[in-house]
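File shown: query22.cif. Contents: mmCIF, C-alpha atoms.
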```cif
data_upload
loop_
_atom_site.group_PDB
_atom_site.id
_atom_site.type_symbol
_atom_site.label_atom_id
_atom_site.label_comp_id
_atom_site.auth_asym_id
_atom_site.auth_seq_id
_atom_site.Cartn_x
_atom_site.Cartn_y
_atom_site.Cartn_z
ATOM 1 C CA GLN A 1 -3.106 -8.615 -17.957
ATOM 2 C CA VAL A 2 -1.194 -7.397 -14.935
ATOM 3 C CA GLN A 3 -0.537 -10.100 -12.379
ATOM 4 C CA LEU A 4 1.291 -10.089 -9.074
ATOM 5 C CA VAL A 5 1.656 -13.471 -7.403
ATOM 6 C CA GLU A 6 3.061 -13.742 -3.903
ATOM 7 C CA SER A 7 4.596 -16.844 -2.387
ATOM 8 C CA GLY A 8 6.753 -17.872 0.534
ATOM 9 C CA GLY A 9 4.438 -17.267 3.460
ATOM 10 C CA ASP A 10 4.548 -19.818 6.257
ATOM 11 C CA LEU A 11 4.288 -20.462 9.981
ATOM 12 C CA VAL A 12 7.566 -19.741 11.763
ATOM 13 C CA GLN A 13 8.750 -19.281 15.317
ATOM 14 C CA ALA A 14 9.738 -15.911 16.657
ATOM 15 C CA GLY A 15 13.305 -15.106 15.678
ATOM 16 C CA GLY A 16 13.028 -17.050 12.454
ATOM 17 C CA SER A 17 13.307 -15.945 8.848
ATOM 18 C CA LEU A 18 11.258 -16.092 5.681
ATOM 19 C CA ARG A 19 11.708 -14.872 2.136
ATOM 20 C CA LEU A 20 8.642 -13.763 0.244
ATOM 21 C CA SER A 21 8.557 -13.576 -3.538
ATOM 22 C CA CYS A 22 6.376 -11.523 -5.847
ATOM 23 C CA ALA A 23 6.298 -12.758 -9.427
ATOM 24 C CA ALA A 24 5.075 -10.066 -11.806
ATOM 25 C CA SER A 25 3.759 -10.248 -15.347
ATOM 26 C CA GLY A 26 1.800 -8.203 -17.851
ATOM 27 C CA PHE A 27 3.721 -4.951 -17.497
ATOM 28 C CA ALA A 28 7.202 -3.468 -17.798
ATOM 29 C CA PHE A 29 8.484 -4.618 -14.437
ATOM 30 C CA THR A 30 11.879 -2.966 -14.847
ATOM 31 C CA PHE A 31 10.405 0.526 -14.962
ATOM 32 C CA ASN A 32 8.048 0.281 -12.013
ATOM 33 C CA ALA A 33 8.291 0.506 -8.258
ATOM 34 C CA ILE A 34 7.090 -2.453 -6.216
ATOM 35 C CA GLY A 35 5.771 -2.357 -2.694
ATOM 36 C CA TRP A 36 5.137 -4.920 0.009
ATOM 37 C CA TYR A 37 2.194 -4.231 2.280
ATOM 38 C CA ARG A 38 0.714 -6.236 5.124
ATOM 39 C CA GLN A 39 -2.602 -6.457 6.864
ATOM 40 C CA ALA A 40 -3.120 -8.028 10.255
ATOM 41 C CA PRO A 41 -6.583 -9.050 11.489
ATOM 42 C CA GLY A 42 -8.584 -6.018 12.543
ATOM 43 C CA LYS A 43 -5.939 -3.583 11.311
ATOM 44 C CA GLN A 44 -5.474 -1.406 8.263
ATOM 45 C CA ARG A 45 -3.182 -2.431 5.458
ATOM 46 C CA GLU A 46 0.217 -0.812 5.929
ATOM 47 C CA LEU A 47 3.304 -0.292 3.824
ATOM 48 C CA VAL A 48 6.193 -2.538 4.838
ATOM 49 C CA ALA A 49 8.785 -1.739 2.190
ATOM 50 C CA ARG A 50 9.099 -0.260 -1.260
ATOM 51 C CA ILE A 51 11.711 -0.495 -3.977
ATOM 52 C CA GLY A 52 11.921 1.902 -6.882
ATOM 53 C CA SER A 53 12.890 1.119 -10.442
ATOM 54 C CA LEU A 54 16.455 2.229 -9.702
ATOM 55 C CA GLY A 55 16.695 0.092 -6.580
ATOM 56 C CA ASN A 56 16.068 2.845 -4.056
ATOM 57 C CA THR A 57 14.325 1.514 -0.976
ATOM 58 C CA ASN A 58 12.325 2.659 2.000
ATOM 59 C CA TYR A 59 10.960 0.773 4.994
ATOM 60 C CA ALA A 60 8.434 1.083 7.751
ATOM 61 C CA ASP A 61 10.124 1.940 11.034
ATOM 62 C CA SER A 62 8.851 -1.298 12.545
ATOM 63 C CA VAL A 63 10.858 -3.458 10.124
ATOM 64 C CA LYS A 64 14.021 -1.400 9.580
ATOM 65 C CA GLY A 65 17.113 -3.485 10.180
ATOM 66 C CA ARG A 66 15.152 -6.755 10.008
ATOM 67 C CA PHE A 67 13.564 -6.799 6.540
ATOM 68 C CA THR A 68 15.219 -6.277 3.162
ATOM 69 C CA ILE A 69 13.405 -5.650 -0.096
ATOM 70 C CA SER A 70 15.103 -6.459 -3.390
ATOM 71 C CA ARG A 71 14.281 -7.075 -7.016
ATOM 72 C CA ASP A 72 15.574 -9.170 -9.878
ATOM 73 C CA ASP A 73 14.534 -7.515 -13.117
ATOM 74 C CA THR A 74 15.759 -10.498 -15.141
ATOM 75 C CA LYS A 75 13.119 -12.609 -13.403
ATOM 76 C CA ASN A 76 10.405 -9.956 -13.016
ATOM 77 C CA THR A 77 10.397 -10.794 -9.339
ATOM 78 C CA ALA A 78 10.603 -8.813 -6.131
ATOM 79 C CA TYR A 79 11.578 -10.261 -2.779
ATOM 80 C CA LEU A 80 11.135 -9.483 0.871
ATOM 81 C CA GLN A 81 13.708 -11.083 3.151
ATOM 82 C CA MET A 82 12.360 -11.095 6.687
ATOM 83 C CA ASN A 83 14.701 -11.844 9.585
ATOM 84 C CA SER A 84 14.252 -11.761 13.354
ATOM 85 C CA LEU A 85 10.539 -12.215 12.917
ATOM 86 C CA LYS A 86 8.232 -11.203 15.750
ATOM 87 C CA PRO A 87 4.658 -12.263 16.540
ATOM 88 C CA GLU A 88 3.539 -8.745 15.601
ATOM 89 C CA ASP A 89 4.748 -9.416 12.049
ATOM 90 C CA THR A 90 1.876 -11.878 11.645
ATOM 91 C CA ALA A 91 -0.241 -10.706 8.723
ATOM 92 C CA VAL A 92 -1.182 -11.305 5.139
ATOM 93 C CA TYR A 93 1.556 -9.802 2.969
ATOM 94 C CA TYR A 94 0.625 -8.247 -0.357
ATOM 95 C CA CYS A 95 2.643 -7.198 -3.366
ATOM 96 C CA TYR A 96 1.659 -3.881 -4.978
ATOM 97 C CA THR A 97 2.378 -1.696 -7.953
ATOM 98 C CA ASN A 98 0.795 1.360 -9.516
ATOM 99 C CA LEU A 99 0.465 1.721 -13.262
ATOM 100 C CA ASN A 100 -1.037 4.839 -14.823
ATOM 101 C CA ASN A 101 -2.593 5.807 -11.491
ATOM 102 C CA TYR A 102 -4.236 2.420 -11.062
ATOM 103 C CA ASP A 103 -3.371 0.204 -8.096
ATOM 104 C CA TYR A 104 -2.629 -3.463 -8.632
ATOM 105 C CA TRP A 105 -2.472 -5.975 -5.798
ATOM 106 C CA GLY A 106 -1.613 -9.610 -5.485
ATOM 107 C CA ARG A 107 -3.814 -11.999 -3.526
ATOM 108 C CA GLY A 108 -1.427 -12.113 -0.614
ATOM 109 C CA THR A 109 0.527 -14.715 1.306
ATOM 110 C CA GLN A 110 0.015 -15.519 4.986
ATOM 111 C CA VAL A 111 2.870 -15.086 7.427
ATOM 112 C CA THR A 112 2.302 -16.353 10.947
ATOM 113 C CA VAL A 113 4.919 -15.921 13.658
ATOM 114 C CA SER A 114 4.432 -17.943 16.813
ATOM 115 C CA SER A 115 5.827 -16.857 20.169
#
```
Could you write out this structure as structure tokens?
Amino acid sequence: QVQLVESGGDLVQAGGSLRLSCAASGFAFTFNAIGWYRQAPGKQRELVARIGSLGNTNYADSVKGRFTISRDDTKNTAYLQMNSLKPEDTAVYYCYTNLNNYDYWGRGTQVTVSS
């Protein structure tokens, strides 16, 4: 079955960096776009970054220039490199893909940025 497993979340100080990983299985990873979303307490889940099957990317305005999404199709893994972290980046980060009009989500990984 389709699985998306996030890892790499942690508690960091403002200005620090983290790299999140999303290990995928159960589908043809190479041919599918992957997204990173986040949800802070009391807020709606929002798109952070997305990478298409050809490596094309797009980012939320709030993370442009600080976050980089990438993928390694040989490892069926997507990454989110987060630099210059801010307290407002604190959230649970989720990996996402859509297959045949069905949404698949990972369980999320907690990122906490202290000021």
Close residues, range 3-8 of chain A itself excluded, 12 Å, all atoms listed in the file, min 4 positions apart in chain, as number ranges by chain: A: 12, 17-29, 34-38, 76-82, 92-99, 103-112
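Across the structure, CA of Pro41 in chain A and CA of Asn101 in chain A are spaced 27.7 Å apart.
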CA of Glu88 in chain A sits from CA of Ile69 in chain A at a separation of 18.8 Å
Is there a way to get, as a ChimeraX atom specification, all residues within 12 Å of the point (18.8, -0.8, -4.5) in file coordinates, counting all atoms listed in the file? /A:33-34,50-58,68-73,78
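Here CA of Lys75 in chain A stands at a distance of 22.0 Å from CA of Val48 in chain A.
Between Lys86 in chain A and the residues A:Leu11, A:Leu47, A:Ala60, A:Val2, the shortest atom-to-atom distance, using all atoms listed in the file, involves A:Leu11.
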